[in-house]
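Okay, structure first, notes after.
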Amino acid sequence: MGIFTYLALTVSMATMYAGGAFTNDWDKPFDYRCPLSQTISYIYSEHNNFFEDRKWEFYCRSVGETADCEQSGYVNQFDQLLHYVCPRDKFITGIASYHDNHYEDRRFQFQCCRATGRNLTGCFMTGDANTWDQKLTFMVPVGMVINGAYSTHNNYYEDRIWRFQICYV
C-alpha cells in the first residue's frame with residue numbers, strides 16, 4: 001500500500017470513527033473491554049476545556065484466541081506520570097478509568113490478555129498520539145497490539161499527552 005493510500009485510509013477511518021459512540025460522558029467513569037479473542041485496534045478521544053476531561057471511544061479487532069486475562073490495579077495517581085506495560089507477552093484488551101474534579105485528571109486500569117500460542121516481538125513506543133487539549137486519534141497497525149501506555153499530565157492544560165507501546169503478535 002502506498003503512503004498516499006495509507007494516509008487517505010487513515011483520514012477516512014478517523015472521520016468515520018469520530019462519529020461513533022463514546023464510551024463515557026464528561027466526568028464519568030468507564031470500563032471498556034473488547035470481546036474475547038479481540039484487542040483494541042483504535043482509540044479516539046476528545047478533550048473539553050469546560051469539563052477539563054476527555055471522552056473516549058474504542059474499537060476492537062480479532063487477534064485469535066485469547067487467554068490468561070487479568071485486570072491491573074490503578075496504574076497512576078492523579079496529576080502523575082502513567083507508565084504501564086502488560087506483563088508476560090500480554091496486550092491491552094480493556095481500559096477502565098474514573099475522573100476526579102478536584103484534580104481534573106483520571107486514574108486508569110488496564111485489562112491484559114495473551115494470544116494463545118503466540119508471542120509479542122518488536123515492541124516499540126510510539127510518538128505522541130495527541131497534543132494538549134486536542135483530539136487523540138490512534139490506529140494500531142494490522143498485525144500489532146498495544147502492549148503498554150505512557151502518559152504525562154499537565155496542570156495548566158488539565159490534560160494528558162499519550163504514547164503507546166505496540167508490538168507485533
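Here, A, B, ... name the chains of the C-alpha cells in the order displayed, residue numbers run from 1 inside each chain, and ligands are numbered from 1 in the same displayed order.
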
inquiry  = What's around range 136-139 of chain A at 8 Å? Count only C-alpha atoms, leave out sequence neighbours fewer than 3 positions away in its own chain, and write the answer as number ranges by chain.
reply    = A: 10, 14, 41-46, 129-131

query = From the list A:Phe108, A:Trp132, A:Trp56, A:Tyr168, which residue is nearest Tyr84 in chain A when using only C-alpha atoms?
reply =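 The closest residue to Tyr84 in chain A is A:Phe108.
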
Taking the DSSP assignment computed from this structure's backbone, write out as a PDB file with N, CA, C and O atoms, in the first residue's frame all residues of chain A that belong to helix (DSSP H, G or I).
ATOM      1  N   ILE A   3       2.010   5.259   0.434  1.00  0.00           N
ATOM      2  CA  ILE A   3       1.844   6.182   1.554  1.00  0.00           C
ATOM      3  C   ILE A   3       0.584   7.035   1.393  1.00  0.00           C
ATOM      4  O   ILE A   3      -0.124   7.284   2.355  1.00  0.00           O
ATOM      5  N   PHE A   4       0.272   7.453   0.173  1.00  0.00           N
ATOM      6  CA  PHE A   4      -0.916   8.273  -0.020  1.00  0.00           C
ATOM      7  C   PHE A   4      -2.193   7.474   0.203  1.00  0.00           C
ATOM      8  O   PHE A   4      -3.157   7.978   0.762  1.00  0.00           O
ATOM      9  N   THR A   5      -2.189   6.222  -0.193  1.00  0.00           N
ATOM     10  CA  THR A   5      -3.340   5.351   0.061  1.00  0.00           C
ATOM     11  C   THR A   5      -3.517   5.153   1.556  1.00  0.00           C
ATOM     12  O   THR A   5      -4.618   5.234   2.080  1.00  0.00           O
ATOM     13  N   TYR A   6      -2.395   4.913   2.269  1.00  0.00           N
ATOM     14  CA  TYR A   6      -2.439   4.723   3.718  1.00  0.00           C
ATOM     15  C   TYR A   6      -2.970   5.981   4.408  1.00  0.00           C
ATOM     16  O   TYR A   6      -3.827   5.909   5.270  1.00  0.00           O
ATOM     17  N   LEU A   7      -2.463   7.148   3.999  1.00  0.00           N
ATOM     18  CA  LEU A   7      -2.910   8.402   4.605  1.00  0.00           C
ATOM     19  C   LEU A   7      -4.386   8.652   4.340  1.00  0.00           C
ATOM     20  O   LEU A   7      -5.129   9.062   5.230  1.00  0.00           O
ATOM     21  N   ALA A   8      -4.835   8.408   3.124  1.00  0.00           N
ATOM     22  CA  ALA A   8      -6.247   8.596   2.791  1.00  0.00           C
ATOM     23  C   ALA A   8      -7.122   7.647   3.606  1.00  0.00           C
ATOM     24  O   ALA A   8      -8.170   8.032   4.126  1.00  0.00           O
ATOM     25  N   LEU A   9      -6.677   6.399   3.752  1.00  0.00           N
ATOM     26  CA  LEU A   9      -7.417   5.420   4.541  1.00  0.00           C
ATOM     27  C   LEU A   9      -7.453   5.850   6.003  1.00  0.00           C
ATOM     28  O   LEU A   9      -8.507   5.788   6.641  1.00  0.00           O
ATOM     29  N   THR A  10      -6.335   6.325   6.534  1.00  0.00           N
ATOM     30  CA  THR A  10      -6.269   6.765   7.918  1.00  0.00           C
ATOM     31  C   THR A  10      -7.213   7.939   8.161  1.00  0.00           C
ATOM     32  O   THR A  10      -7.962   7.950   9.128  1.00  0.00           O
ATOM     33  N   VAL A  11      -7.194   8.924   7.269  1.00  0.00           N
ATOM     34  CA  VAL A  11      -8.068  10.081   7.415  1.00  0.00           C
ATOM     35  C   VAL A  11      -9.532   9.678   7.322  1.00  0.00           C
ATOM     36  O   VAL A  11     -10.357  10.090   8.133  1.00  0.00           O
ATOM     37  N   SER A  12      -9.874   8.822   6.373  1.00  0.00           N
ATOM     38  CA  SER A  12     -11.278   8.421   6.229  1.00  0.00           C
ATOM     39  C   SER A  12     -11.731   7.587   7.419  1.00  0.00           C
ATOM     40  O   SER A  12     -12.854   7.735   7.887  1.00  0.00           O
ATOM     41  N   MET A  13     -10.868   6.718   7.947  1.00  0.00           N
ATOM     42  CA  MET A  13     -11.238   5.919   9.115  1.00  0.00           C
ATOM     43  C   MET A  13     -11.371   6.805  10.341  1.00  0.00           C
ATOM     44  O   MET A  13     -12.273   6.627  11.144  1.00  0.00           O
ATOM     45  N   ALA A  14     -10.474   7.776  10.512  1.00  0.00           N
ATOM     46  CA  ALA A  14     -10.559   8.683  11.649  1.00  0.00           C
ATOM     47  C   ALA A  14     -11.863   9.474  11.593  1.00  0.00           C
ATOM     48  O   ALA A  14     -12.524   9.675  12.600  1.00  0.00           O
ATOM     49  N   THR A  15     -12.255   9.901  10.412  1.00  0.00           N
ATOM     50  CA  THR A  15     -13.510  10.620  10.255  1.00  0.00           C
ATOM     51  C   THR A  15     -14.681   9.706  10.588  1.00  0.00           C
ATOM     52  O   THR A  15     -15.598  10.090  11.311  1.00  0.00           O
ATOM     53  N   MET A  16     -14.643   8.476  10.109  1.00  0.00           N
ATOM     54  CA  MET A  16     -15.714   7.529  10.376  1.00  0.00           C
ATOM     55  C   MET A  16     -15.801   7.233  11.872  1.00  0.00           C
ATOM     56  O   MET A  16     -16.864   7.264  12.463  1.00  0.00           O
ATOM     57  N   TYR A  17     -14.670   6.941  12.513  1.00  0.00           N
ATOM     58  CA  TYR A  17     -14.666   6.592  13.925  1.00  0.00           C
ATOM     59  C   TYR A  17     -15.074   7.774  14.799  1.00  0.00           C
ATOM     60  O   TYR A  17     -15.707   7.599  15.814  1.00  0.00           O
ATOM     61  N   ALA A  18     -14.698   8.985  14.403  1.00  0.00           N
ATOM     62  CA  ALA A  18     -15.009  10.158  15.212  1.00  0.00           C
ATOM     63  C   ALA A  18     -16.508  10.351  15.358  1.00  0.00           C
ATOM     64  O   ALA A  18     -16.961  10.980  16.288  1.00  0.00           O
TER      65      ALA A  18
END

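Between CA of Asn49 in chain A and CA of Lys135 in chain A the separation is 12.1 Å.
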
query = Which is closer to Leu36 in chain A than all the others in A:Arg61, A:Arg118, A:Lys55, A:Arg107, using only C-alpha atoms?
reply = A:Arg61

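Closest approach to Tyr98 in chain A among A:Arg54, A:His47, A:Gly117, A:Gln165: A:Arg54, based on only C-alpha atoms.
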
request  = Tell me, as a PyMOL selection string, which residues lie within 8 Å of range 20-33 of chain A, counting only C-alpha atoms; anything in the same chain fewer than 5 positions away does not count.
outcome  = chain A and resi 51+53-58+93-101+111

task = Do a neighbour search on Gln71 in chain A at 8 Å with only C-alpha atoms, toss out local chain neighbours closer than 4 positions, and write the hits as a list in words.
result =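 So the residues in contact are Gln109, Phe110, Gln111 and Cys112 of chain A.
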
ask   = Which polymer residues have any atom within 6 Å of an atom of range 145-153 of chain A, counting only C-alpha atoms, with same-chain residues fewer than 3 positions away left out, as a ChimeraX atom specification?
value = /A:79,81-86,91-92,159-167

inquiry  = With only C-alpha atoms as the counted atoms, please give the residues lying no more than 6 Å from Glu52 in chain A, apart from itself and same-chain residues fewer than 3 positions off, as an NGL selection string.
reply    = :A and (48-49 or 104 or 158)

query = Could you work out how far CA of Lys90 in chain A lies from CA of Leu120 in chain A, giving the answer in Å with one decimal?
reply =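 Interatomic distance, CA of Leu120 in chain A to CA of Lys90 in chain A: 7.7 Å.
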
ask   = Using only C-alpha atoms, which residue out of A:Phe124, A:Ile40, A:Asn119, A:Arg88 lies closest to Tyr59 in chain A?
value = A:Ile40

inquiry  = Run DSSP on the backbone and tell me which residues of range 25-152 of chain A come out as strand (DSSP E or B); list them as number ranges by chain.
reply    = A: 30-33, 38-48, 53-62, 66-71, 82-85, 91-100, 105-115, 121-125, 136-139, 144-152
